[in-house]
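protein_15.cif follows (mmCIF, C-alpha atoms):
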data_input
loop_
_atom_site.label_atom_id
_atom_site.label_comp_id
_atom_site.auth_asym_id
_atom_site.auth_seq_id
_atom_site.Cartn_x
_atom_site.Cartn_y
_atom_site.Cartn_z
CA MET Z 1081 8.28 -8.56 26.35
CA THR Z 1082 9.54 -11.61 28.11
CA ASN Z 1083 10.68 -13.35 24.98
CA PHE Z 1084 12.65 -10.60 23.35
CA PRO Z 1085 15.76 -10.29 25.45
CA LEU Z 1086 16.88 -13.44 23.68
CA LEU Z 1087 16.36 -11.82 20.29
CA ALA Z 1088 18.01 -8.67 21.49
CA ALA Z 1089 21.05 -10.59 22.65
CA VAL Z 1090 22.03 -11.47 19.13
CA PRO Z 1091 23.76 -8.58 17.40
CA ALA Z 1092 22.24 -7.83 14.05
CA MET Z 1093 25.67 -7.47 12.55
CA VAL Z 1094 26.36 -11.14 13.15
CA ALA Z 1095 23.52 -12.05 10.84
CA CYS Z 1096 24.72 -9.56 8.30
CA THR Z 1097 28.30 -10.78 8.42
CA ALA Z 1098 27.20 -14.34 8.15
CA ALA Z 1099 25.27 -13.47 5.04
CA ALA Z 1100 28.40 -12.62 3.08
CA ALA Z 1101 29.23 -15.04 0.32
CA ALA Z 1102 31.41 -17.97 1.27
CA PRO Z 1103 34.56 -18.28 -0.86
CA GLU Z 1104 33.34 -21.51 -2.44
CA ALA Z 1105 30.05 -19.91 -3.40
CA ALA Z 1106 31.72 -16.88 -4.92
CA ALA Z 1107 33.01 -18.78 -7.93
CA PRO Z 1108 32.03 -19.19 -10.62
CA GLU Z 1109 28.73 -17.44 -9.82
CA ALA Z 1110 29.07 -14.84 -7.07
CA VAL Z 1111 26.41 -14.67 -4.40
CA ALA Z 1112 25.03 -11.24 -3.64
CA GLU Z 1113 25.94 -9.73 -0.30
CA ARG Z 1114 23.13 -8.43 1.85
CA HIS Z 1115 22.86 -4.68 1.64
CA TYR Z 1116 21.17 -2.75 4.39
CA CYS Z 1117 20.57 0.78 5.59
CA ASN Z 1118 21.89 1.89 8.97
CA LEU Z 1119 18.86 2.59 11.12
CA HIS Z 1120 20.56 4.82 13.65
CA PHE Z 1121 23.17 6.79 11.70
CA PHE Z 1122 21.21 9.94 10.92
CA THR Z 1123 19.37 12.06 13.43
CA PRO Z 1124 16.45 14.06 12.03
CA GLN Z 1125 18.73 17.11 12.02
CA SER Z 1126 21.67 15.42 10.30
CA MET Z 1127 19.28 13.78 7.84
CA ALA Z 1128 17.92 17.19 6.87
CA ARG Z 1129 21.45 18.47 6.37
CA HIS Z 1130 22.35 15.39 4.33
CA LEU Z 1131 19.31 15.71 2.07
CA ALA Z 1132 20.15 19.35 1.45
CA LEU Z 1133 23.70 18.40 0.50
CA ARG Z 1134 22.42 15.66 -1.77
CA GLY Z 1135 20.12 18.10 -3.55
CA THR Z 1136 22.99 20.48 -4.14
CA LEU Z 1137 25.23 17.71 -5.41
CA VAL Z 1138 22.56 16.28 -7.73
CA ALA Z 1139 22.19 19.72 -9.29
CA ALA Z 1140 25.97 20.05 -9.67
CA VAL Z 1141 26.58 16.73 -11.45
CA THR Z 1142 28.03 17.25 -14.92
CA GLU Z 1143 28.49 13.63 -15.97
CA ARG Z 1144 27.12 10.26 -14.96
CA ARG Z 1145 28.79 7.02 -15.97
CA GLU Z 1146 27.71 3.45 -15.36
CA LEU Z 1147 30.49 1.06 -14.32
CA ALA Z 1148 30.55 -2.72 -14.16
CA THR Z 1149 30.18 -2.69 -10.39
CA GLY Z 1150 28.56 0.68 -9.77
CA TYR Z 1151 28.46 4.26 -10.94
CA ARG Z 1152 30.72 7.31 -11.25
CA ILE Z 1153 29.59 10.92 -11.17
CA THR Z 1154 31.59 14.02 -12.01
CA PHE Z 1155 30.98 17.43 -10.52
CA PRO Z 1156 32.87 20.70 -10.03
CA GLY Z 1157 35.77 20.51 -7.61
CA SER Z 1158 34.40 23.63 -5.98
CA PHE Z 1159 31.79 21.52 -4.18
CA ARG Z 1160 33.51 21.83 -0.84
CA GLU Z 1161 31.01 19.72 1.08
CA ALA Z 1162 31.71 16.55 -0.92
CA GLY Z 1163 33.63 15.03 1.95
CA GLU Z 1164 30.79 15.69 4.36
CA PHE Z 1165 28.33 14.14 1.93
CA VAL Z 1166 30.43 11.00 1.52
CA ASP Z 1167 30.83 10.76 5.27
CA GLY Z 1168 27.03 10.66 5.49
CA ILE Z 1169 26.43 8.04 2.84
CA ARG Z 1170 29.18 5.74 4.08
CA GLY Z 1171 27.59 5.79 7.50
CA CYS Z 1172 24.08 5.22 6.23
CA CYS Z 1173 25.02 2.67 3.53
CA PRO Z 1174 28.02 0.83 4.96
CA THR Z 1175 28.05 -2.18 2.64
CA ILE Z 1176 29.36 -0.38 -0.43
CA GLY Z 1177 32.53 1.50 -1.32
CA TYR Z 1178 33.11 5.17 -2.10
CA ALA Z 1179 36.06 6.77 -3.88
CA LEU Z 1180 36.18 10.56 -3.96
CA GLN Z 1181 38.85 12.16 -6.12
CA PHE Z 1182 39.72 15.76 -6.89
CA ALA Z 1183 41.72 16.66 -9.98
CA PRO Z 1184 44.73 18.96 -9.55
CA HIS Z 1185 44.49 22.73 -9.85
CA ASP Z 1186 40.91 22.93 -8.66
CA GLY Z 1187 39.73 20.64 -11.44
CA THR Z 1188 36.68 18.44 -11.49
CA ALA Z 1189 35.82 15.96 -8.78
CA THR Z 1190 34.58 12.40 -9.21
CA LEU Z 1191 32.72 10.15 -6.85
CA GLU Z 1192 32.72 6.46 -7.59
CA ILE Z 1193 30.17 4.34 -5.76
CA SER Z 1194 30.61 0.62 -6.24
CA GLY Z 1195 30.61 -2.73 -4.53
CA GLY Z 1196 30.51 -6.47 -4.83
CA PRO Z 1197 27.79 -8.73 -6.21
CA GLY Z 1198 24.35 -7.22 -5.81
CA ALA Z 1199 25.69 -3.77 -4.96
CA LYS Z 1200 24.90 -2.13 -8.25
CA ALA Z 1201 21.15 -2.62 -7.95
CA PHE Z 1202 21.27 -1.32 -4.41
CA ILE Z 1203 23.29 1.73 -5.48
CA ALA Z 1204 20.90 2.44 -8.35
CA GLU Z 1205 17.98 2.38 -5.93
CA GLU Z 1206 19.62 4.29 -3.08
CA PHE Z 1207 21.31 6.94 -5.22
CA ARG Z 1208 18.81 7.07 -8.06
CA GLN Z 1209 18.88 10.84 -8.52
CA LEU Z 1210 22.59 11.08 -8.09
CA VAL Z 1211 23.78 8.31 -10.39
CA ARG Z 1212 20.91 8.06 -12.84
CA GLY Z 1213 19.49 11.56 -12.81
CA GLN Z 1214 15.98 10.24 -12.12
CA MET Y 879 36.24 -29.05 -5.33
CA THR Y 880 35.06 -27.79 -8.71
CA ALA Y 881 31.82 -29.72 -8.44
CA SER Y 882 30.81 -28.26 -5.08
CA PRO Y 883 29.10 -25.10 -6.38
CA ILE Y 884 27.04 -27.19 -8.78
CA VAL Y 885 26.20 -29.68 -6.08
CA GLY Y 886 25.30 -26.78 -3.82
CA ARG Y 887 22.99 -25.28 -6.39
CA LEU Y 888 21.37 -28.64 -7.06
CA ALA Y 889 20.88 -29.12 -3.33
CA ALA Y 890 19.40 -25.64 -2.99
CA GLY Y 891 17.07 -26.34 -5.87
CA ALA Y 892 16.05 -29.63 -4.30
CA ILE Y 893 15.31 -27.86 -1.03
CA VAL Y 894 13.16 -25.28 -2.78
CA VAL Y 895 11.31 -27.99 -4.69
CA GLY Y 896 10.88 -29.91 -1.46
CA ILE Y 897 9.51 -26.88 0.31
CA ALA Y 898 7.09 -26.22 -2.52
CA ALA Y 899 5.97 -29.84 -2.43
CA CYS Y 900 5.45 -29.68 1.33
CA SER Y 901 3.49 -26.44 1.25
CA PRO Y 902 -0.03 -26.72 2.57
CA ALA Y 903 -2.49 -27.54 -0.17
CA GLY Y 904 -4.98 -24.85 -1.00
CA PRO Y 905 -5.91 -22.22 -3.51
CA LEU Y 906 -3.22 -20.10 -5.02
CA PRO Y 907 -2.67 -16.87 -3.10
CA THR Y 908 -4.72 -14.02 -4.40
CA ALA Y 909 -2.35 -11.33 -3.11
CA ASP Y 910 0.53 -10.46 -5.40
CA ALA Y 911 2.73 -9.47 -2.48
CA VAL Y 912 3.24 -10.39 1.14
CA THR Y 913 0.45 -8.90 3.23
CA TRP Y 914 0.90 -7.73 6.81
CA THR Y 915 -1.43 -8.76 9.59
CA ALA Y 916 -0.56 -5.55 11.42
CA THR Y 917 1.54 -2.49 10.77
CA LEU Y 918 2.97 -0.55 13.69
CA PRO Y 919 2.43 2.27 14.36
CA GLY Y 920 -1.17 2.44 13.24
CA ASP Y 921 -2.59 -0.82 14.47
CA PRO Y 922 -4.54 -0.53 17.72
CA ARG Y 923 -2.81 -3.64 19.04
CA THR Y 924 0.66 -3.56 20.55
CA LEU Y 925 3.49 -5.88 19.60
CA ASP Y 926 2.87 -7.84 22.79
CA ASP Y 927 -0.84 -8.12 21.94
CA LEU Y 928 0.03 -9.55 18.55
CA LEU Y 929 2.60 -11.96 19.95
CA ALA Y 930 0.05 -13.19 22.46
CA ILE Y 931 -2.53 -13.72 19.70
CA ALA Y 932 -0.04 -15.73 17.67
CA ARG Y 933 1.05 -17.79 20.62
CA ALA Y 934 -2.55 -18.61 21.55
CA ALA Y 935 -3.16 -19.71 17.98
CA HIS Y 936 0.14 -21.63 17.79
CA GLN Y 937 1.04 -19.49 14.81
CA PRO Y 938 4.61 -18.47 13.92
CA VAL Y 939 5.35 -14.75 13.70
CA TRP Y 940 7.31 -12.83 11.09
CA ILE Y 941 8.36 -9.35 12.19
CA GLU Y 942 9.84 -6.87 9.74
CA LEU Y 943 11.36 -3.48 10.47
CA THR Y 944 11.36 -1.17 7.49
CA ALA Y 945 11.34 2.51 6.47
CA ALA Y 946 10.24 4.42 3.41
CA TRP Y 947 13.71 5.99 3.06
CA CYS Y 948 15.43 2.60 3.06
CA ALA Y 949 16.55 1.54 -0.43
CA ALA Y 950 17.33 -1.99 0.70
CA CYS Y 951 13.76 -2.24 2.01
CA ARG Y 952 12.36 -1.13 -1.34
CA ILE Y 953 14.44 -3.73 -3.14
CA VAL Y 954 13.03 -6.50 -0.92
CA ASP Y 955 9.53 -5.04 -1.20
CA GLN Y 956 9.63 -4.99 -4.97
CA GLY Y 957 11.51 -8.28 -5.28
CA ALA Y 958 11.31 -11.08 -2.75
CA TYR Y 959 8.00 -9.99 -1.24
CA ARG Y 960 6.33 -10.25 -4.64
CA ASP Y 961 7.61 -13.74 -5.35
CA PRO Y 962 4.69 -16.20 -5.46
CA ASP Y 963 6.58 -18.77 -3.37
CA VAL Y 964 7.30 -16.18 -0.68
CA VAL Y 965 3.69 -14.98 -0.72
CA ARG Y 966 2.52 -18.58 -0.36
CA ALA Y 967 5.00 -19.37 2.42
CA ALA Y 968 4.06 -16.22 4.34
CA ARG Y 969 0.41 -17.20 4.62
CA ARG Y 970 0.90 -19.35 7.70
CA PHE Y 971 2.57 -16.51 9.63
CA LEU Y 972 1.17 -13.70 11.67
CA THR Y 973 3.06 -10.92 9.96
CA ILE Y 974 3.99 -7.68 11.69
CA ARG Y 975 5.53 -4.72 9.91
CA ILE Y 976 7.18 -2.04 12.02
CA ASP Y 977 7.53 1.15 9.99
CA THR Y 978 10.35 3.27 11.41
CA THR Y 979 10.02 6.01 8.79
CA ALA Y 980 8.80 8.67 11.18
CA GLY Y 981 11.35 7.87 13.87
CA ASP Y 982 8.61 8.32 16.48
CA PRO Y 983 9.11 7.23 20.09
CA LEU Y 984 7.06 4.04 19.69
CA THR Y 985 9.00 2.65 16.75
CA THR Y 986 12.31 3.85 18.16
CA ALA Y 987 11.54 1.95 21.35
CA LEU Y 988 10.53 -1.14 19.38
CA ALA Y 989 13.71 -1.01 17.30
CA THR Y 990 15.77 -0.73 20.47
CA ARG Y 991 13.88 -3.56 22.13
CA LEU Y 992 14.38 -5.77 19.09
CA ALA Y 993 18.06 -4.71 18.78
CA ALA Y 994 17.53 -3.67 15.17
CA THR Y 995 20.42 -1.67 13.75
CA GLY Y 996 19.98 -2.18 10.02
CA LEU Y 997 17.02 -2.11 7.66
CA PRO Y 998 15.29 -4.19 6.62
CA THR Y 999 15.45 -6.52 9.62
CA LEU Y 1000 13.42 -9.70 9.50
CA MET Y 1001 12.94 -11.74 12.65
CA PHE Y 1002 10.85 -14.69 13.57
CA VAL Y 1003 9.08 -16.23 16.54
CA GLY Y 1004 8.16 -19.90 16.51
CA ALA Y 1005 4.62 -21.16 16.95
CA ASP Y 1006 5.48 -22.02 20.55
CA GLY Y 1007 6.42 -18.40 21.23
CA THR Y 1008 10.16 -18.94 21.12
CA PRO Y 1009 12.13 -16.13 19.44
CA LEU Y 1010 14.35 -17.62 16.73
CA ALA Y 1011 17.40 -15.40 16.97
CA ASP Y 1012 19.41 -17.52 14.56
CA ARG Y 1013 16.88 -16.87 11.79
CA ARG Y 1014 17.28 -13.10 11.91
CA VAL Y 1015 17.96 -11.51 8.52
CA VAL Y 1016 19.41 -8.02 8.10
CA GLY Y 1017 19.43 -6.57 4.60
CA THR Y 1018 18.45 -7.61 1.14
CA ILE Y 1019 17.46 -11.21 0.60
CA ALA Y 1020 16.57 -13.16 -2.51
CA ALA Y 1021 13.26 -14.97 -2.77
CA PRO Y 1022 14.62 -18.55 -2.68
CA GLU Y 1023 16.59 -17.84 0.49
CA LEU Y 1024 13.60 -16.18 2.10
CA VAL Y 1025 11.37 -19.12 1.20
CA ALA Y 1026 13.92 -21.46 2.79
CA THR Y 1027 14.09 -19.28 5.92
CA LEU Y 1028 10.31 -19.18 6.25
CA ALA Y 1029 10.16 -22.95 5.87
CA GLU Y 1030 12.60 -23.37 8.74
CA VAL Y 1031 10.37 -21.45 11.14
CA ARG Y 1032 7.99 -23.77 12.96
#

How does the structure come out when it is put into structure tokens?
Amino acid sequence: MTNFPLLAAVPAMVACTAAAAAPEAAAPEAVAERHYCNLHFFTPQSMARHLALRGTLVAAVTERRELATGYRITFPGSFREAGEFVDGIRGCCPTIGYALQFAPHDGTATLEISGGPGAKAFIAEEFRQLVRGQ
Amino acid sequence: MTASPIVGRLAAGAIVVGIAACSPAGPLPTADAVTWTATLPGDPRTLDDLLAIARAAHQPVWIELTAAWCAACRIVDQGAYRDPDVVRAARRFLTIRIDTTAGDPLTTALATRLAATGLPTLMFVGADGTPLADRRVVGTIAAPELVATLAEVR
């Protein structure tokens, strides 16, 4: 116990920030950023709600497309809880980007999940069912 | 300026080669992945018990916080932790895995005590018992970088 206040004094985010690729290292071969999962974002209750939303969304996906830096899924614009779902994943997986778009006149919705170097493998693992249907 | 990335890569390669050359001689590891001396919860010993054992043996400690639901943890598990150089480098450590999957009071308290906010979190304690806060790793890590980090822990 006596030794760990020193460890505890160093915010984990510092290590994570420091891990980002330096500009010199990013070219010509980009260095992968460290991707992590937020340990404290979900409570057991909010996790249960999130998993239920994910199951509903997985079942609603009508198209999956692989992008250079991530994936895009299409689903009916009637999925009203899409915003709540994205709010959950951006809190749990903060190192990647999310773009949610609804077509006019109650058309389809798309969710693009992408990121920098190394993000695609992380996305494929984290959102396997959603983006790969597996 | 244009040569610096190449020089950097050459230097990194030289460091890795140097580390490999300096590794303790011995048989090749039989495990195909990093093995954990203790996993909490589940082990009858506490974290403090394990730290005391390591300190008495002048052995460095590698602590990892993980969870089954953590995709970044699975990537490290299936990648860096299966790299032969990482497996070899890990052999001199007392390795402790803290599994936060269940979110039980014990692991929640340990995560709070260790100030872990992201998974996976890797932290190290030197053979003299000194926590090495500047070696903390949060998130995915490639095998060469992990080998270099392990080599820096004494």

### Task
Would you kindly translate the PyMOL selection byres ((chain Y and resi 950-957) around 8) into the concrete residues it picks from this file, as a VMD selection string?
(chain Z and resid 1115 to 1117 1202 1205 to 1206) or (chain Y and resid 944 to 946 948 to 949 958 to 961 997 to 998 1017 to 1021)

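Against this structure, the PyMOL selection byres ((chain Y and resi 1032) around 6) ends up with Gly1004, Ala1005 and Val1031 of chain Y.
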
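Separating atom CA of Y:Ala935 from atom CA of Y:Val965 is a distance of 20.5 Å.
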
#### Entry: Interface, chain Y side, toward chain Z (10 Å; only C-alpha atoms) as a PyMOL selection string
chain Y and resi 879-880+882-884+886-887+925-926+929+943-945+947-953+978-981+986+989-999+1001-1003+1007-1020

I need the chosen residues saved as a PDB file, in the frame of the given file, with C-alpha atoms.
ATOM      1  CA  MET Y 879      36.240 -29.050  -5.330  1.00  0.00           C
ATOM      2  CA  THR Y 880      35.060 -27.790  -8.710  1.00  0.00           C
ATOM      3  CA  SER Y 882      30.810 -28.260  -5.080  1.00  0.00           C
ATOM      4  CA  PRO Y 883      29.100 -25.100  -6.380  1.00  0.00           C
ATOM      5  CA  ILE Y 884      27.040 -27.190  -8.780  1.00  0.00           C
ATOM      6  CA  GLY Y 886      25.300 -26.780  -3.820  1.00  0.00           C
ATOM      7  CA  ARG Y 887      22.990 -25.280  -6.390  1.00  0.00           C
ATOM      8  CA  LEU Y 925       3.490  -5.880  19.600  1.00  0.00           C
ATOM      9  CA  ASP Y 926       2.870  -7.840  22.790  1.00  0.00           C
ATOM     10  CA  LEU Y 929       2.600 -11.960  19.950  1.00  0.00           C
ATOM     11  CA  LEU Y 943      11.360  -3.480  10.470  1.00  0.00           C
ATOM     12  CA  THR Y 944      11.360  -1.170   7.490  1.00  0.00           C
ATOM     13  CA  ALA Y 945      11.340   2.510   6.470  1.00  0.00           C
ATOM     14  CA  TRP Y 947      13.710   5.990   3.060  1.00  0.00           C
ATOM     15  CA  CYS Y 948      15.430   2.600   3.060  1.00  0.00           C
ATOM     16  CA  ALA Y 949      16.550   1.540  -0.430  1.00  0.00           C
ATOM     17  CA  ALA Y 950      17.330  -1.990   0.700  1.00  0.00           C
ATOM     18  CA  CYS Y 951      13.760  -2.240   2.010  1.00  0.00           C
ATOM     19  CA  ARG Y 952      12.360  -1.130  -1.340  1.00  0.00           C
ATOM     20  CA  ILE Y 953      14.440  -3.730  -3.140  1.00  0.00           C
ATOM     21  CA  THR Y 978      10.350   3.270  11.410  1.00  0.00           C
ATOM     22  CA  THR Y 979      10.020   6.010   8.790  1.00  0.00           C
ATOM     23  CA  ALA Y 980       8.800   8.670  11.180  1.00  0.00           C
ATOM     24  CA  GLY Y 981      11.350   7.870  13.870  1.00  0.00           C
ATOM     25  CA  THR Y 986      12.310   3.850  18.160  1.00  0.00           C
ATOM     26  CA  ALA Y 989      13.710  -1.010  17.300  1.00  0.00           C
ATOM     27  CA  THR Y 990      15.770  -0.730  20.470  1.00  0.00           C
ATOM     28  CA  ARG Y 991      13.880  -3.560  22.130  1.00  0.00           C
ATOM     29  CA  LEU Y 992      14.380  -5.770  19.090  1.00  0.00           C
ATOM     30  CA  ALA Y 993      18.060  -4.710  18.780  1.00  0.00           C
ATOM     31  CA  ALA Y 994      17.530  -3.670  15.170  1.00  0.00           C
ATOM     32  CA  THR Y 995      20.420  -1.670  13.750  1.00  0.00           C
ATOM     33  CA  GLY Y 996      19.980  -2.180  10.020  1.00  0.00           C
ATOM     34  CA  LEU Y 997      17.020  -2.110   7.660  1.00  0.00           C
ATOM     35  CA  PRO Y 998      15.290  -4.190   6.620  1.00  0.00           C
ATOM     36  CA  THR Y 999      15.450  -6.520   9.620  1.00  0.00           C
ATOM     37  CA  MET Y1001      12.940 -11.740  12.650  1.00  0.00           C
ATOM     38  CA  PHE Y1002      10.850 -14.690  13.570  1.00  0.00           C
ATOM     39  CA  VAL Y1003       9.080 -16.230  16.540  1.00  0.00           C
ATOM     40  CA  GLY Y1007       6.420 -18.400  21.230  1.00  0.00           C
ATOM     41  CA  THR Y1008      10.160 -18.940  21.120  1.00  0.00           C
ATOM     42  CA  PRO Y1009      12.130 -16.130  19.440  1.00  0.00           C
ATOM     43  CA  LEU Y1010      14.350 -17.620  16.730  1.00  0.00           C
ATOM     44  CA  ALA Y1011      17.400 -15.400  16.970  1.00  0.00           C
ATOM     45  CA  ASP Y1012      19.410 -17.520  14.560  1.00  0.00           C
ATOM     46  CA  ARG Y1013      16.880 -16.870  11.790  1.00  0.00           C
ATOM     47  CA  ARG Y1014      17.280 -13.100  11.910  1.00  0.00           C
ATOM     48  CA  VAL Y1015      17.960 -11.510   8.520  1.00  0.00           C
ATOM     49  CA  VAL Y1016      19.410  -8.020   8.100  1.00  0.00           C
ATOM     50  CA  GLY Y1017      19.430  -6.570   4.600  1.00  0.00           C
ATOM     51  CA  THR Y1018      18.450  -7.610   1.140  1.00  0.00           C
ATOM     52  CA  ILE Y1019      17.460 -11.210   0.600  1.00  0.00           C
ATOM     53  CA  ALA Y1020      16.570 -13.160  -2.510  1.00  0.00           C
TER      54      ALA Y1020
END

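Going from atom CA of Z:Asp1186 over to atom CA of Z:Asp1167, you cover 21.1 Å.
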
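Counting from atom CA of Y:Val912, the distance to atom CA of Y:Thr985 is 21.1 Å.
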
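Excluding Z:Ala1139 and any residue on its chain fewer than 6 positions from it, the residues at most 12 Å away by only C-alpha atoms are Ala1132, Leu1133, Ile1153, Thr1154, Phe1155, Pro1156, Phe1159, Gln1209, Leu1210, Val1211, Gly1213 and Gln1214 of chain Z.
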
### Picked residues, the PyMOL selection byres ((chain Z and resi 1180) around 10), expected as a list in words
Arg1152, Ile1153, Thr1154, Ala1162, Gly1163, Val1166, Tyr1178, Ala1179, Gln1181, Phe1182, Ala1189, Thr1190, Leu1191, Glu1192 and Ile1193 of chain Z

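Excluding Y:Ala916 itself and same-chain residues fewer than 5 positions from it, the residues having an atom within 7 Å of it are Asp921, Thr973, Ile974 and Arg975 of chain Y, counting all atoms listed in the file.
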
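Residues in contact with Z:Ala1148 at up to 10 Å, not including ones fewer than 6 positions away on its chain and judged by all atoms listed in the file, are Ser1194, Gly1195 and Lys1200 of chain Z.
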
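Considering all atoms listed in the file, the residue among Z:Gly1157, Z:Gly1187, Z:Pro1197, Z:Gly1171 positioned nearest to Z:Val1141 is Z:Gly1157.
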
Env of Y:Asp963: 8 Å cut, atoms = only C-alpha atoms, seq-sep filter 3 positions within chain, self excluded. Answer as a PDB file with C-alpha atoms, in the coordinates of the input.
ATOM      1  CA  ALA Y 898       7.090 -26.220  -2.520  1.00  0.00           C
ATOM      2  CA  ARG Y 966       2.520 -18.580  -0.360  1.00  0.00           C
ATOM      3  CA  ALA Y 967       5.000 -19.370   2.420  1.00  0.00           C
ATOM      4  CA  ALA Y1021      13.260 -14.970  -2.770  1.00  0.00           C
ATOM      5  CA  VAL Y1025      11.370 -19.120   1.200  1.00  0.00           C
TER       6      VAL Y1025
END

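Compared by their closest atoms to Y:Trp914, and using all atoms listed in the file, the residues Y:Val939, Y:Asp982, Y:Pro962, Y:Ala1029 rank with Y:Val939 nearest.
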